[in-house]
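J.: Quick one: the structure is below, and I'll ask about it shortly.
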Amino acid sequence: MTIDLADYESGAKLDGNYGEALKTLQERLERVQAAHITHAQRSVIMLEGWDAAGKGGIIKRMTALLDPRYFEVWPIGAPSDEEKARHFLWRFWKRLPGNREISIFDRSWYGRVLVERVEGFASEAEWRKGYDEINEFEAQLTGSNTNLVKLFVHVTQDEQDKRFADRLDKPWKRWKTGTEDFRNRAKRKAYLTALADMFEQTDTRWAPWKVIDGNNKKAARIAALTHVAEVLEAAVPMTPLERDPAVVKLAEKAFGYAPKA
């Protein structure tokens, strides 16, 4: 089915108690991470979306209860000179998770077919070839037992403008918005064209996209965390570690431990 961003613009409020829903999801994700550690799993969670769409807020709440030793958040910006001297996927290969780890990308390799396309940082031949390179990259990931979740957080122009204004009005949020945001805003039509091509070319059976209606922040956070939890719970063995008999004996000797059912 073709993805149409116009289908994700209702901004419907969350049905239910936000605090309770968030707590439940964070506890689910905490167990998902424990399953990663127990069963030597690895996952990539990747977020794309408009400036001020709420990606950072989603990531903040997604990782709230996670053990920081076993996950990494990678904020992706413009490539360095060292990265420009190599294939565009090189800097992402370096950031992939090992066993027991989760890598979270705040923006991603899709820059090749979005910002690099729209801003002219990649030639037409390069960004057109990028679709196949990205699909092959993601096939390699999922084919080598790395779970992959792809989220796109969508907001309307009106909602984005409200958030830009809110950031400018709040002193400790001003750092979040710069001139590049307005450069991108001025080219929204070009980005919409690039996004339509991106979804058409890269919404694959092995790496499908999930679009999140970001126009209501609380509903978007719950929708995003729910999708991540559901995908990873289906992909990762959700069975806890059995007691180690040797450790049980040590606990019995040390403080009289008696196993509970």
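Note on naming: chains are A, B, ... as they come in the structure tokens, residues start from 1 per chain, ligands start from 1 in the order shown.
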Could you pull out the alpha helix (DSSP H) residues of range 19-216 of chain A from DSSP and send them as a PyMOL selection string?
T.: chain A and resi 19-39+55-62+81-84+90-93+115-118+124-143+157-169+179-185+188-202
J.: Excluding Ser43 in chain A and any residue of its chain fewer than 4 positions from it, enumerate the residues within 7 Å of it, using only C-alpha atoms, and give them as JSON, numbers by chain.
T.: {"A": [97, 101, 102, 103, 146, 147, 148]}
J.: Given only C-alpha atoms as the basis, pick out the residue of A:Arg95, A:Leu151, A:Gln201, A:Arg188 nearest to Gly130 in chain A.
T.: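 Checking each candidate against Gly130 in chain A, we get A:Gln201 as the closest.
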J.: List the neighbours of Tyr131 in chain A out to 10 Å using only C-alpha atoms; skip same-chain residues closer than 2 positions along the sequence, and give me the result as a PyMOL selection string.
T.: chain A and resi 110+112-113+126-129+133-137+197-198+200-202
J.: Write the selection just made, keeping all heavy atoms, as a short mmCIF file (atom, residue, chain, number, x, y, z; two decimals), in the first residue's frame?
T.:
data_model
loop_
_atom_site.label_atom_id
_atom_site.label_comp_id
_atom_site.auth_asym_id
_atom_site.auth_seq_id
_atom_site.Cartn_x
_atom_site.Cartn_y
_atom_site.Cartn_z
N TYR A 110 18.96 7.83 5.34
CA TYR A 110 18.00 8.39 4.39
C TYR A 110 18.29 9.83 4.02
O TYR A 110 17.65 10.39 3.13
CB TYR A 110 16.57 8.22 4.92
CG TYR A 110 16.09 6.81 4.72
CD1 TYR A 110 16.22 5.86 5.73
CD2 TYR A 110 15.56 6.41 3.50
CE1 TYR A 110 15.81 4.55 5.53
CE2 TYR A 110 15.15 5.11 3.29
CZ TYR A 110 15.28 4.19 4.31
OH TYR A 110 14.89 2.88 4.09
N ARG A 112 20.67 10.64 2.30
CA ARG A 112 21.12 10.59 0.90
C ARG A 112 19.98 10.91 -0.06
O ARG A 112 20.20 11.57 -1.08
CB ARG A 112 21.71 9.20 0.62
CG ARG A 112 22.05 8.87 -0.85
CD ARG A 112 22.96 9.87 -1.54
NE ARG A 112 24.21 10.15 -0.87
CZ ARG A 112 25.41 9.83 -1.33
NH1 ARG A 112 25.54 9.19 -2.49
NH2 ARG A 112 26.48 10.17 -0.66
N VAL A 113 18.76 10.43 0.24
CA VAL A 113 17.64 10.62 -0.69
C VAL A 113 16.67 11.71 -0.22
O VAL A 113 15.63 11.92 -0.83
CB VAL A 113 16.89 9.29 -0.91
CG1 VAL A 113 17.82 8.28 -1.58
CG2 VAL A 113 16.32 8.73 0.39
N GLU A 126 23.76 9.91 -7.88
CA GLU A 126 24.07 9.39 -6.55
C GLU A 126 22.81 9.12 -5.75
O GLU A 126 22.68 8.06 -5.13
CB GLU A 126 24.97 10.38 -5.80
CG GLU A 126 26.40 10.42 -6.32
CD GLU A 126 27.22 11.51 -5.67
OE1 GLU A 126 26.65 12.57 -5.29
OE2 GLU A 126 28.45 11.31 -5.53
N TRP A 127 21.88 10.09 -5.73
CA TRP A 127 20.70 9.83 -4.90
C TRP A 127 19.77 8.80 -5.51
O TRP A 127 19.09 8.06 -4.79
CB TRP A 127 19.98 11.11 -4.49
CG TRP A 127 19.37 11.99 -5.53
CD1 TRP A 127 19.85 13.18 -5.98
CD2 TRP A 127 18.11 11.81 -6.21
NE1 TRP A 127 19.00 13.75 -6.91
CE2 TRP A 127 17.92 12.93 -7.07
CE3 TRP A 127 17.14 10.81 -6.19
CZ2 TRP A 127 16.80 13.06 -7.89
CZ3 TRP A 127 16.02 10.94 -7.01
CH2 TRP A 127 15.86 12.05 -7.84
N ARG A 128 19.72 8.72 -6.83
CA ARG A 128 18.91 7.66 -7.45
C ARG A 128 19.48 6.28 -7.14
O ARG A 128 18.74 5.33 -6.87
CB ARG A 128 18.80 7.89 -8.95
CG ARG A 128 17.87 9.03 -9.33
CD ARG A 128 17.54 9.05 -10.80
NE ARG A 128 16.68 10.17 -11.15
CZ ARG A 128 15.35 10.18 -10.97
NH1 ARG A 128 14.75 9.12 -10.46
NH2 ARG A 128 14.63 11.24 -11.30
N LYS A 129 20.79 6.16 -7.18
CA LYS A 129 21.43 4.89 -6.82
C LYS A 129 21.25 4.59 -5.34
O LYS A 129 21.27 3.43 -4.91
CB LYS A 129 22.92 4.94 -7.18
CG LYS A 129 23.64 3.63 -6.96
CD LYS A 129 25.06 3.67 -7.54
CE LYS A 129 25.94 4.63 -6.77
NZ LYS A 129 27.38 4.51 -7.15
N GLU A 133 21.06 1.09 -2.81
CA GLU A 133 22.10 0.91 -1.80
C GLU A 133 21.48 0.81 -0.41
O GLU A 133 21.91 -0.02 0.42
CB GLU A 133 23.09 2.07 -1.87
CG GLU A 133 23.92 2.06 -3.14
CD GLU A 133 24.80 3.30 -3.28
OE1 GLU A 133 24.26 4.41 -3.13
OE2 GLU A 133 26.00 3.14 -3.55
N ILE A 134 20.49 1.63 -0.14
CA ILE A 134 19.81 1.59 1.16
C ILE A 134 19.05 0.28 1.32
O ILE A 134 19.12 -0.36 2.39
CB ILE A 134 18.87 2.80 1.30
CG1 ILE A 134 19.68 4.07 1.52
CG2 ILE A 134 17.87 2.59 2.44
CD1 ILE A 134 18.88 5.35 1.43
N ASN A 135 18.33 -0.15 0.31
CA ASN A 135 17.57 -1.41 0.41
C ASN A 135 18.51 -2.58 0.64
O ASN A 135 18.21 -3.49 1.43
CB ASN A 135 16.74 -1.63 -0.84
CG ASN A 135 15.52 -0.73 -0.90
OD1 ASN A 135 15.02 -0.27 0.12
ND2 ASN A 135 15.03 -0.46 -2.10
N GLU A 136 19.64 -2.59 -0.04
CA GLU A 136 20.61 -3.67 0.13
C GLU A 136 21.24 -3.62 1.52
O GLU A 136 21.44 -4.67 2.16
CB GLU A 136 21.68 -3.58 -0.95
CG GLU A 136 21.16 -3.93 -2.35
CD GLU A 136 22.11 -3.52 -3.46
OE1 GLU A 136 23.23 -3.03 -3.14
OE2 GLU A 136 21.74 -3.67 -4.64
N PHE A 137 21.53 -2.42 2.00
CA PHE A 137 22.07 -2.23 3.35
C PHE A 137 21.11 -2.78 4.39
O PHE A 137 21.49 -3.55 5.29
CB PHE A 137 22.34 -0.75 3.57
CG PHE A 137 22.68 -0.34 4.97
CD1 PHE A 137 23.81 -0.84 5.62
CD2 PHE A 137 21.90 0.58 5.66
CE1 PHE A 137 24.14 -0.45 6.90
CE2 PHE A 137 22.21 0.99 6.95
CZ PHE A 137 23.34 0.47 7.57
N ASP A 197 8.89 9.59 -3.03
CA ASP A 197 9.78 8.66 -3.73
C ASP A 197 10.46 7.71 -2.75
O ASP A 197 10.61 6.51 -3.02
CB ASP A 197 10.85 9.44 -4.52
CG ASP A 197 10.27 10.17 -5.71
OD1 ASP A 197 9.14 9.85 -6.13
OD2 ASP A 197 10.96 11.07 -6.24
N MET A 198 10.86 8.26 -1.60
CA MET A 198 11.53 7.43 -0.59
C MET A 198 10.62 6.31 -0.11
O MET A 198 11.03 5.14 -0.03
CB MET A 198 11.94 8.30 0.60
CG MET A 198 12.65 7.54 1.73
SD MET A 198 12.85 8.55 3.22
CE MET A 198 11.18 8.44 3.92
N GLU A 200 8.00 5.05 -1.62
CA GLU A 200 7.73 4.13 -2.73
C GLU A 200 8.88 3.17 -2.96
O GLU A 200 8.67 1.98 -3.21
CB GLU A 200 7.45 4.92 -4.01
CG GLU A 200 7.12 4.03 -5.20
CD GLU A 200 6.84 4.82 -6.46
OE1 GLU A 200 6.95 6.06 -6.44
OE2 GLU A 200 6.51 4.19 -7.49
N GLN A 201 10.10 3.67 -2.83
CA GLN A 201 11.28 2.86 -3.16
C GLN A 201 11.79 2.00 -1.99
O GLN A 201 12.44 0.98 -2.23
CB GLN A 201 12.42 3.78 -3.63
CG GLN A 201 12.14 4.55 -4.90
CD GLN A 201 12.23 3.69 -6.14
OE1 GLN A 201 12.82 2.62 -6.12
NE2 GLN A 201 11.63 4.14 -7.23
N THR A 202 11.53 2.41 -0.75
CA THR A 202 12.19 1.75 0.38
C THR A 202 11.25 1.19 1.44
O THR A 202 11.70 0.75 2.49
CB THR A 202 13.18 2.72 1.06
OG1 THR A 202 12.44 3.81 1.65
CG2 THR A 202 14.20 3.26 0.08
#
J.: Quick one: pull the distance between CA of Ala219 in chain A and CA of Glu138 in chain A, Å, one decimal.
T.: 28.3 Å
J.: DSSP on the backbone, then: every residue of range 48-247 of chain A marked strand (DSSP E), written as a PyMOL selection string.
T.: chain A and resi 48-49+71-75+101-106+147-154+209-213
J.: I'd like the contact shell of Gln41 in chain A - 6 Å cut-off, only C-alpha atoms, skipping same-chain residues fewer than 5 positions apart - returned as a PDB file with N, CA and C atoms, in the first residue's frame.
T.:
ATOM      1  N   HIS A  36      17.215  -8.595  25.011  1.00  0.00           N
ATOM      2  CA  HIS A  36      18.388  -8.388  24.151  1.00  0.00           C
ATOM      3  C   HIS A  36      19.653  -8.866  24.857  1.00  0.00           C
ATOM      4  N   ASN A  99      26.161  -7.599  19.624  1.00  0.00           N
ATOM      5  CA  ASN A  99      25.268  -8.454  20.403  1.00  0.00           C
ATOM      6  C   ASN A  99      24.927  -7.801  21.742  1.00  0.00           C
ATOM      7  N   ARG A 100      23.656  -7.891  22.112  1.00  0.00           N
ATOM      8  CA  ARG A 100      23.094  -7.366  23.356  1.00  0.00           C
ATOM      9  C   ARG A 100      22.825  -5.862  23.302  1.00  0.00           C
TER      10      ARG A 100
END
J.: Could you give me, as JSON lines, every range 7-114 of chain A residue with an atom at most 12 Å from range 166-176 of chain A, plus its closest atom pair and distance in Å to one decimal, counting only C-alpha atoms, rows ordered by chain then number?
T.:
{"residue": "A:Asp51", "atom": "CA", "partner": "A:Lys176", "partner_atom": "CA", "distance": 9.4}
{"residue": "A:Ala52", "atom": "CA", "partner": "A:Lys176", "partner_atom": "CA", "distance": 8.3}
{"residue": "A:Ala53", "atom": "CA", "partner": "A:Lys176", "partner_atom": "CA", "distance": 11.8}
{"residue": "A:Gly54", "atom": "CA", "partner": "A:Lys176", "partner_atom": "CA", "distance": 11.4}
{"residue": "A:Gly56", "atom": "CA", "partner": "A:Lys176", "partner_atom": "CA", "distance": 10.4}
J.: Contacts of range 12-18 of chain A at 9 Å or less, counting only C-alpha atoms, minus same-chain residues fewer than 3 places along, as a compact mmCIF listing (two decimals) with N, CA, C and O atoms, in the first residue's frame?
T.:
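The result, written out as around_6.txt:
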# COMPACT_ATOMS: atom_id res chain seq x y z
N GLU A 9 -2.38 13.26 9.56
CA GLU A 9 -2.41 14.67 9.92
C GLU A 9 -3.59 15.04 10.82
O GLU A 9 -3.88 16.22 11.01
N ALA A 21 -0.18 4.96 30.30
CA ALA A 21 0.20 4.30 29.06
C ALA A 21 1.72 4.38 28.85
O ALA A 21 2.35 3.40 28.43
N LEU A 22 2.30 5.53 29.15
CA LEU A 22 3.74 5.71 28.99
C LEU A 22 4.51 4.79 29.94
O LEU A 22 5.48 4.13 29.53
N LYS A 23 4.09 4.73 31.19
CA LYS A 23 4.76 3.87 32.17
C LYS A 23 4.72 2.41 31.73
O LYS A 23 5.73 1.70 31.80
N ASP A 213 1.73 9.96 13.24
CA ASP A 213 1.11 11.28 13.23
C ASP A 213 1.64 12.04 14.44
O ASP A 213 1.27 11.77 15.58
N ASN A 215 1.31 15.28 15.18
CA ASN A 215 0.66 16.56 15.43
C ASN A 215 0.14 16.71 16.86
O ASN A 215 -0.12 17.82 17.30
N ASN A 216 -0.02 15.60 17.56
CA ASN A 216 -0.27 15.63 19.00
C ASN A 216 0.88 14.88 19.66
O ASN A 216 1.06 13.68 19.43
N LYS A 217 1.69 15.59 20.42
CA LYS A 217 2.94 15.01 20.92
C LYS A 217 2.71 13.77 21.79
O LYS A 217 3.42 12.76 21.64
N LYS A 218 1.76 13.83 22.68
CA LYS A 218 1.55 12.70 23.59
C LYS A 218 1.07 11.47 22.83
O LYS A 218 1.56 10.35 23.06
N ALA A 219 0.12 11.67 21.93
CA ALA A 219 -0.38 10.54 21.14
C ALA A 219 0.74 9.96 20.27
O ALA A 219 0.83 8.74 20.09
N ALA A 220 1.59 10.83 19.74
CA ALA A 220 2.69 10.38 18.89
C ALA A 220 3.68 9.54 19.68
O ALA A 220 4.17 8.51 19.20
N ILE A 222 3.13 7.75 22.38
CA ILE A 222 2.54 6.45 22.69
C ILE A 222 2.50 5.57 21.44
O ILE A 222 2.81 4.37 21.50
J.: Of the candidates A:Leu89, A:Val231, A:Ala34, A:Leu192, which shows the shortest atom-to-atom distance to Pro68 in chain A, using only C-alpha atoms?
T.: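 Ranking A:Leu89, A:Val231, A:Ala34, A:Leu192 by distance to Pro68 in chain A, first place goes to A:Ala34.
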J.: Measuring atom to atom with only C-alpha atoms, identify which of A:Thr63, A:Thr239, A:Thr226, A:Ser108 is nearest to Ile76 in chain A.
T.: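 Of A:Thr63, A:Thr239, A:Thr226, A:Ser108, the one nearest Ile76 in chain A, counting only C-alpha atoms, is A:Ser108.
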J.: May I ask which of the residues A:Gly57, A:Thr193, A:Gly256, A:Glu83 is the closest one to Val118 in chain A, counting only C-alpha atoms?
T.: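 Counting only C-alpha atoms, the residue closest to Val118 in chain A is A:Thr193.
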J.: Rank A:Trp109, A:Asn184, A:Glu20, A:Leu114 by their smallest atom-to-atom distance to Ala196 in chain A, using only C-alpha atoms, and report the top residue only.
T.: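 Going through A:Trp109, A:Asn184, A:Glu20, A:Leu114 one by one, the smallest distance to Ala196 in chain A is for A:Leu114.
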